[in-house]
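What follows is the content of input29.cif, which has mmCIF, C-alpha atoms and all ligand atoms:
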```
data_query
loop_
_atom_site.label_atom_id
_atom_site.label_comp_id
_atom_site.auth_asym_id
_atom_site.auth_seq_id
_atom_site.Cartn_x
_atom_site.Cartn_y
_atom_site.Cartn_z
CA MET A 5 -144.78 -55.74 -92.96
CA ILE A 6 -144.50 -58.73 -90.67
CA ASP A 7 -141.43 -60.99 -90.52
CA LEU A 8 -142.46 -64.28 -88.89
CA HIS A 9 -139.09 -66.01 -89.08
CA VAL A 10 -135.96 -64.08 -88.22
CA HIS A 11 -132.98 -64.51 -85.89
CA LEU A 12 -132.50 -61.15 -84.23
CA VAL A 13 -131.26 -62.11 -80.77
CA PRO A 14 -127.50 -62.04 -80.17
CA GLY A 15 -125.64 -65.04 -78.80
CA VAL A 16 -128.55 -67.48 -78.44
CA ASP A 17 -128.32 -69.54 -81.64
CA ASP A 18 -126.55 -69.34 -85.00
CA GLY A 19 -127.81 -65.79 -85.49
CA PRO A 20 -125.89 -62.60 -84.69
CA LYS A 21 -122.96 -63.07 -82.32
CA ASP A 22 -123.18 -59.78 -80.48
CA LEU A 23 -125.53 -56.89 -79.84
CA GLU A 24 -123.92 -54.58 -82.36
CA THR A 25 -124.41 -57.13 -85.16
CA ALA A 26 -127.95 -57.85 -83.98
CA LEU A 27 -128.83 -54.16 -84.15
CA ALA A 28 -127.25 -53.88 -87.61
CA LEU A 29 -129.52 -56.74 -88.73
CA ALA A 30 -132.54 -55.02 -87.17
CA ARG A 31 -131.74 -51.81 -89.04
CA LEU A 32 -131.57 -53.78 -92.28
CA ALA A 33 -134.93 -55.36 -91.47
CA TYR A 34 -136.44 -51.93 -90.87
CA ALA A 35 -134.97 -50.58 -94.11
CA GLY A 36 -136.42 -53.64 -95.85
CA GLY A 37 -139.94 -52.80 -94.70
CA VAL A 38 -140.29 -54.89 -91.53
CA ARG A 39 -142.41 -53.25 -88.81
CA ILE A 40 -143.45 -56.31 -86.79
CA ALA A 41 -141.19 -59.31 -86.18
CA THR A 42 -141.54 -62.50 -84.18
CA LEU A 43 -138.23 -63.49 -82.59
CA THR A 44 -137.63 -67.09 -83.65
CA PRO A 45 -134.46 -68.45 -82.03
CA HIS A 46 -133.74 -72.12 -82.62
CA HIS A 47 -135.04 -74.44 -79.94
CA MET A 48 -133.02 -77.62 -80.28
CA PRO A 49 -132.50 -79.47 -77.00
CA GLY A 50 -128.85 -80.17 -76.25
CA MET A 51 -127.75 -77.41 -78.62
CA TYR A 52 -129.96 -74.35 -78.26
CA GLU A 53 -132.41 -74.20 -75.35
CA ASN A 54 -134.34 -70.96 -75.92
CA THR A 55 -137.45 -71.95 -74.01
CA ALA A 56 -140.66 -69.94 -74.15
CA GLU A 57 -139.81 -68.21 -70.90
CA GLN A 58 -136.36 -67.21 -72.13
CA ILE A 59 -137.75 -65.93 -75.41
CA GLN A 60 -140.27 -63.72 -73.67
CA GLY A 61 -137.28 -62.22 -71.84
CA TYR A 62 -135.48 -61.66 -75.15
CA VAL A 63 -138.47 -59.76 -76.50
CA LYS A 64 -138.40 -57.32 -73.61
CA LEU A 65 -134.61 -56.96 -73.72
CA MET A 66 -134.41 -56.41 -77.49
CA GLN A 67 -137.43 -54.12 -77.58
CA ASP A 68 -135.70 -51.93 -74.99
CA HIS A 69 -132.61 -51.81 -77.21
CA TYR A 70 -134.72 -50.96 -80.27
CA ASP A 71 -136.50 -48.19 -78.38
CA ARG A 72 -133.18 -46.71 -77.30
CA GLU A 73 -131.76 -46.98 -80.83
CA GLY A 74 -134.90 -45.67 -82.54
CA ILE A 75 -135.54 -48.90 -84.47
CA ASP A 76 -139.28 -48.88 -85.04
CA ILE A 77 -139.96 -52.63 -85.14
CA HIS A 78 -142.49 -54.14 -82.77
CA LEU A 79 -141.24 -57.47 -81.41
CA LEU A 80 -143.31 -60.48 -80.50
CA PRO A 81 -142.24 -63.87 -79.18
CA GLY A 82 -141.74 -66.87 -81.43
CA GLN A 83 -139.45 -69.85 -81.77
CA GLU A 84 -138.13 -72.28 -84.36
CA ALA A 85 -138.69 -75.65 -82.70
CA PHE A 86 -136.76 -78.66 -83.92
CA PRO A 87 -139.02 -81.69 -84.40
CA GLU A 88 -137.30 -84.30 -82.29
CA GLY A 89 -139.22 -87.14 -80.67
CA ASP A 90 -140.06 -85.35 -77.44
CA LEU A 91 -141.58 -82.27 -79.07
CA LYS A 92 -145.01 -83.01 -77.62
CA GLU A 93 -143.55 -83.37 -74.13
CA ARG A 94 -141.72 -80.09 -74.58
CA TYR A 95 -145.01 -78.47 -75.48
CA GLU A 96 -146.67 -79.95 -72.42
CA ASN A 97 -143.74 -78.70 -70.29
CA GLY A 98 -144.35 -75.17 -71.56
CA GLU A 99 -141.03 -74.94 -73.41
CA LEU A 100 -142.50 -74.18 -76.83
CA GLN A 101 -143.32 -70.62 -77.85
CA THR A 102 -145.89 -70.12 -80.59
CA LEU A 103 -145.68 -67.25 -83.05
CA GLY A 104 -146.97 -64.14 -81.33
CA GLY A 105 -148.42 -66.32 -78.59
CA GLY A 106 -151.17 -67.62 -80.91
CA ASP A 107 -151.88 -71.08 -82.27
CA TYR A 108 -149.16 -71.38 -84.92
CA LEU A 109 -145.82 -73.02 -84.10
CA LEU A 110 -142.82 -72.61 -86.40
CA VAL A 111 -141.19 -76.00 -86.88
CA ASP A 112 -137.64 -76.32 -88.15
CA LEU A 113 -136.87 -78.90 -90.83
CA PRO A 114 -133.55 -80.63 -91.37
CA GLN A 115 -131.65 -79.68 -94.52
CA GLN A 116 -131.47 -83.13 -96.03
CA ASP A 117 -133.84 -85.79 -94.77
CA CYS A 118 -137.35 -85.49 -93.51
CA PRO A 119 -137.79 -88.55 -91.28
CA TYR A 120 -141.21 -90.14 -91.55
CA TYR A 121 -141.87 -89.77 -87.82
CA ILE A 122 -142.14 -86.00 -88.38
CA GLU A 123 -145.67 -86.23 -89.76
CA GLN A 124 -146.82 -88.31 -86.78
CA LEU A 125 -145.11 -85.96 -84.36
CA LEU A 126 -146.74 -82.92 -85.91
CA PHE A 127 -150.14 -84.63 -86.03
CA SER A 128 -149.86 -85.12 -82.28
CA LEU A 129 -149.30 -81.36 -81.89
CA GLN A 130 -152.26 -80.62 -84.15
CA ALA A 131 -154.38 -82.82 -81.88
CA LYS A 132 -153.40 -80.45 -79.06
CA GLY A 133 -154.67 -77.47 -81.07
CA LEU A 134 -151.34 -76.25 -82.42
CA MET A 135 -150.95 -75.39 -86.10
CA PRO A 136 -147.45 -76.28 -87.31
CA ILE A 137 -145.77 -74.07 -89.89
CA LEU A 138 -142.95 -75.89 -91.68
CA ALA A 139 -139.83 -73.76 -92.04
CA HIS A 140 -138.18 -73.63 -95.47
CA PRO A 141 -139.41 -76.91 -97.05
CA GLU A 142 -137.76 -75.74 -100.29
CA ARG A 143 -134.38 -76.29 -98.60
CA ASN A 144 -135.20 -79.86 -97.59
CA ARG A 145 -133.91 -82.36 -100.13
CA ALA A 146 -136.48 -85.05 -99.29
CA LEU A 147 -139.41 -82.68 -99.81
CA ARG A 148 -137.89 -81.28 -103.00
CA HIS A 149 -137.79 -84.80 -104.39
CA HIS A 150 -141.22 -85.68 -103.05
CA PRO A 151 -143.36 -82.53 -103.06
CA GLU A 152 -146.43 -84.76 -102.80
CA ARG A 153 -145.36 -85.41 -99.21
CA LEU A 154 -145.36 -81.66 -98.52
CA GLN A 155 -148.71 -81.43 -100.24
CA ALA A 156 -150.10 -84.15 -97.97
CA MET A 157 -148.91 -82.24 -94.90
CA ILE A 158 -150.50 -79.02 -96.18
CA ASN A 159 -153.73 -80.93 -96.81
CA THR A 160 -153.79 -82.02 -93.17
CA GLY A 161 -153.70 -78.40 -92.02
CA MET A 162 -150.00 -77.65 -91.73
CA ARG A 163 -148.66 -74.56 -93.46
CA ALA A 164 -145.25 -73.67 -94.88
CA VAL A 165 -143.02 -70.59 -94.78
CA MET A 166 -140.26 -70.03 -97.29
CA SER A 167 -136.91 -68.45 -96.48
CA ALA A 168 -136.79 -65.46 -98.82
CA GLY A 169 -133.12 -66.08 -99.61
CA SER A 170 -134.12 -69.28 -101.40
CA LEU A 171 -135.83 -67.24 -104.11
CA HIS A 172 -132.67 -65.20 -104.57
CA GLY A 173 -130.49 -68.30 -104.98
CA ALA A 174 -128.85 -68.00 -101.56
CA PHE A 175 -129.21 -71.73 -100.86
CA GLY A 176 -128.40 -73.07 -104.30
CA VAL A 177 -130.18 -73.71 -107.56
CA SER A 178 -132.24 -76.68 -106.31
CA ALA A 179 -133.69 -74.71 -103.40
CA GLN A 180 -134.34 -71.75 -105.71
CA LYS A 181 -136.24 -73.86 -108.23
CA ALA A 182 -138.20 -75.56 -105.47
CA ALA A 183 -139.05 -72.18 -103.91
CA GLN A 184 -140.43 -70.97 -107.24
CA GLU A 185 -142.37 -74.15 -107.88
CA PHE A 186 -143.76 -74.47 -104.35
CA LEU A 187 -144.89 -70.83 -104.42
CA GLN A 188 -146.57 -71.24 -107.78
CA ARG A 189 -148.31 -74.44 -106.70
CA GLY A 190 -149.61 -72.93 -103.45
CA LEU A 191 -147.47 -75.25 -101.34
CA ILE A 192 -145.93 -72.19 -99.68
CA GLN A 193 -148.33 -69.82 -97.93
CA LEU A 194 -145.91 -67.48 -96.19
CA VAL A 195 -142.62 -65.74 -96.89
CA ALA A 196 -140.20 -64.63 -94.18
CA SER A 197 -136.59 -63.50 -94.14
CA ASP A 198 -135.08 -66.22 -91.90
CA ALA A 199 -132.21 -63.71 -91.73
CA HIS A 200 -129.35 -64.58 -89.37
CA HIS A 201 -126.65 -62.01 -90.15
CA PRO A 202 -126.54 -58.52 -91.64
CA ASP A 203 -123.95 -59.71 -94.15
CA GLY A 204 -126.45 -62.12 -95.61
CA PRO A 205 -128.38 -63.83 -96.82
CA ALA A 206 -130.82 -61.20 -95.55
CA TYR A 207 -133.72 -60.48 -97.86
CA PHE A 208 -136.60 -58.47 -96.47
CA PRO A 209 -140.03 -57.57 -97.91
CA LEU A 210 -138.98 -54.64 -100.09
CA GLN A 211 -136.40 -56.81 -101.88
CA ASN A 212 -138.72 -59.80 -102.12
CA ARG A 213 -141.89 -58.24 -103.41
CA PRO A 214 -140.90 -57.72 -107.07
CA VAL A 215 -139.44 -61.23 -107.31
CA ILE A 216 -142.56 -62.81 -105.84
CA GLU A 217 -144.94 -60.68 -107.90
CA ALA A 218 -143.18 -61.81 -111.06
CA LEU A 219 -143.89 -65.40 -110.04
CA ILE A 220 -147.41 -65.35 -108.66
CA GLY A 221 -148.87 -61.91 -109.39
CA ALA A 222 -149.77 -59.00 -107.14
CA GLU A 223 -152.86 -60.47 -105.51
CA ARG A 224 -151.28 -63.71 -104.31
CA THR A 225 -148.13 -61.83 -103.33
CA ARG A 226 -150.23 -59.73 -100.97
CA GLU A 227 -151.60 -62.94 -99.50
CA VAL A 228 -148.23 -64.58 -98.80
CA MET A 229 -146.51 -61.38 -97.69
CA GLU A 230 -149.22 -59.48 -95.83
CA ILE A 231 -152.55 -61.22 -95.32
CA ASN A 232 -151.34 -64.64 -94.23
CA PRO A 233 -148.70 -63.37 -91.78
CA GLN A 234 -151.43 -61.31 -90.12
CA ARG A 235 -153.65 -64.41 -90.02
CA VAL A 236 -150.88 -66.20 -88.16
CA LEU A 237 -150.70 -63.48 -85.53
CA ASP A 238 -154.50 -63.53 -85.25
CA SER A 239 -154.59 -67.38 -85.07
CA LYS A 240 -156.90 -67.42 -88.07
CA GLU A 241 -157.04 -70.16 -90.66
CA ILE A 242 -154.91 -69.73 -93.77
CA PRO A 243 -156.86 -70.92 -96.80
CA VAL A 244 -154.94 -72.94 -99.36
CA THR A 245 -155.44 -73.54 -103.04
CA ILE A 246 -152.99 -76.04 -104.45
CA ILE A 247 -152.44 -75.68 -108.17
CA PRO A 248 -152.00 -78.90 -110.16
CA PHE A 249 -148.44 -79.47 -111.26
CA GLU A 250 -149.04 -79.13 -115.00
CA LEU A 251 -150.68 -75.73 -114.63
CA ALA A 252 -147.89 -74.53 -112.36
CA GLN A 253 -145.36 -75.56 -115.00
CA ALA A 254 -147.21 -73.47 -117.59
CA LYS A 255 -147.04 -70.52 -115.22
CA LYS A 256 -143.26 -70.68 -115.05
CA LYS A 257 -143.27 -68.28 -118.01
CA PRO A 258 -145.47 -65.62 -116.48
CA SER A 259 -144.74 -62.78 -118.85
CA LEU A 260 -146.70 -64.18 -121.78
CA TRP A 261 -149.40 -65.50 -119.47
CA ALA A 262 -149.57 -62.11 -117.77
CA ARG A 263 -149.98 -60.33 -121.07
CA LEU A 264 -152.71 -62.65 -122.29
CA PHE A 265 -154.68 -62.89 -119.08
CA SER A 266 -155.51 -60.82 -116.06
CA PRO A 267 -152.39 -60.00 -114.00
CA SER A 268 -154.24 -61.04 -110.84
CA ALA A 269 -154.58 -64.55 -112.22
CA VAL A 270 -150.84 -65.05 -112.60
FE FE B 301 -134.56 -69.97 -88.90
#
```
Show me the file's structure as structure tokens.
Ligand SMILES: [Fe+2]
Amino acid sequence: MIDLHVHLVPGVDDGPKDLETALALARLAYAGGVRIATLTPHHMPGMYENTAEQIQGYVKLMQDHYDREGIDIHLLPGQEAFPEGDLKERYENGELQTLGGGDYLLVDLPQQDCPYYIEQLLFSLQAKGLMPILAHPERNRALRHHPERLQAMINTGMRAVMSAGSLHGAFGVSAQKAAQEFLQRGLIQLVASDAHHPDGPAYFPLQNRPVIEALIGAERTREVMEINPQRVLDSKEIPVTIIPFELAQAKKKPSLWARLFSPSAV
């Protein structure tokens, strides 16, 4: 399984503080089913640099550690880029690192607001051929209150990745409910751990699968957990089907629905 959003590098952001902790997190990821991971340190000018060049160095360094420790996870470069005003310039300067070196760029979102310049900023990246993936929209208060704004961004070609901990309640009830609803409505196309520390919240594929299957069924679970992450690494388009709100509400009680209809339709 592929983890497209995870903080596995020690001492470079708010992830693990030292190598020992970073390796403990990697072992948890392996035990949780991860076999390929993109390193996604925060890139937030003035706070965390983590330029593309640095991240490519981290991949080599950490892969050497994994090989020595027998941790069978293949590492690829990535980044979680904060969408400040000069994001386009940072791309042009070569500071941004796409996921696996392809066309998709993981874009951080603030926890509370989602300033309206963000759409314009991301459109300007799309015009350059980049495909933004919004990180954890379920944890953003503005998008929780106005999911139609997220929907509009998805309709313009952006995609969204949930932090798995949201589904498990790690970021509060509001984020949990939004994670469920966004998944059911098709507003989330990818699930990743976004793990920072081995002591949590750190939820990897083997823990997530049953929870996600209960919400959206086995077929769509395979899409968000396996097929779409591979599409990201291959720079292929991720198809989207957004389910109207009323239907998604009906699907919040999947057990009866699942018994009455085909499980693959849930
Ligand atoms: Fe992150």
Give as a ChimeraX atom specification the residues surrounding ligand FE 301 (chain B) up to a distance of 12 Å, considering all atoms listed in the file.
/A:7-13,17-19,42-48,82-86,110-115,137-141,143,165-169,196-201,205-206
Leu109 in chain A environment, 7 Å, only C-alpha atoms, sequence neighbours closer than 2 positions dropped, as a list in words
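Skipping anything fewer than 2 positions along the chain leaves Thr102, Leu103, Asp107, Val111, Leu134, Met135, Pro136 and Ile137 of chain A.
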Tell me, in Å to one decimal, how far CA of Arg235 in chain A is from CA of Tyr95 in chain A.
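These atoms are spaced 22.0 Å apart.
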Would you mind listing what lies within 12 Å of Tyr34 in chain A as a list of chain:residue names, with only C-alpha atoms counted and same-chain residues fewer than 6 positions away left out?
A:Met5, A:Ile6, A:Asp7, A:Leu27, A:Ala28, A:Ile40, A:Ala41, A:Tyr70, A:Gly74, A:Ile75, A:Asp76, A:Ile77, A:His78, A:Leu79, A:Pro202, A:Ala206, A:Tyr207, A:Phe208, A:Pro209, A:Leu210
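You will find CA of Asn97 in chain A at 17.4 Å from CA of Pro81 in chain A.
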Mind giving me the straight-line distance from CA of Gln67 in chain A to CA of Leu237 in chain A in Å, one decimal?
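So the answer is 18.1 Å.
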So which one's closest to Ala182 in chain A, A:Ser170, A:Gln211, A:Thr245, A:Asn232? Using only C-alpha atoms, please.
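Comparing A:Ser170, A:Gln211, A:Thr245, A:Asn232 against Ala182 in chain A, the winner is A:Ser170.
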I need the residue nearest Met157 in chain A from this list: A:Gln184, A:Ala218, A:Leu126, A:Leu171. Use only C-alpha atoms for the distance.
A:Leu126
What's the 9 Å shell around Leu125 in chain A, counting all atoms listed in the file, without same-chain residues fewer than 4 positions away, as a ChimeraX atom specification?
/A:87-92,121,129-130
A:Arg72, A:Tyr120, A:Lys240, A:Tyr108: which is nearest Arg153 in chain A, counting only C-alpha atoms?
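Of the candidates, the smallest distance to Arg153 in chain A is held by A:Tyr120.
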Just checking: using only C-alpha atoms, which residue out of A:Leu29, A:Ile216, A:Leu154, A:Ile59 ends up closest to His172 in chain A?
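For His172 in chain A, the nearest of the given residues is A:Ile216.
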Residue neighbourhood Arg145 in chain A, 9 Å, only C-alpha atoms, exclusion window fewer than 6 positions, as a ChimeraX atom specification
/A:114-118,178-179
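Using all atoms listed in the file, the nearest neighbour of His150 in chain A within the list A:Glu57, A:Phe186, A:Lys21, A:Gly221 is A:Phe186.
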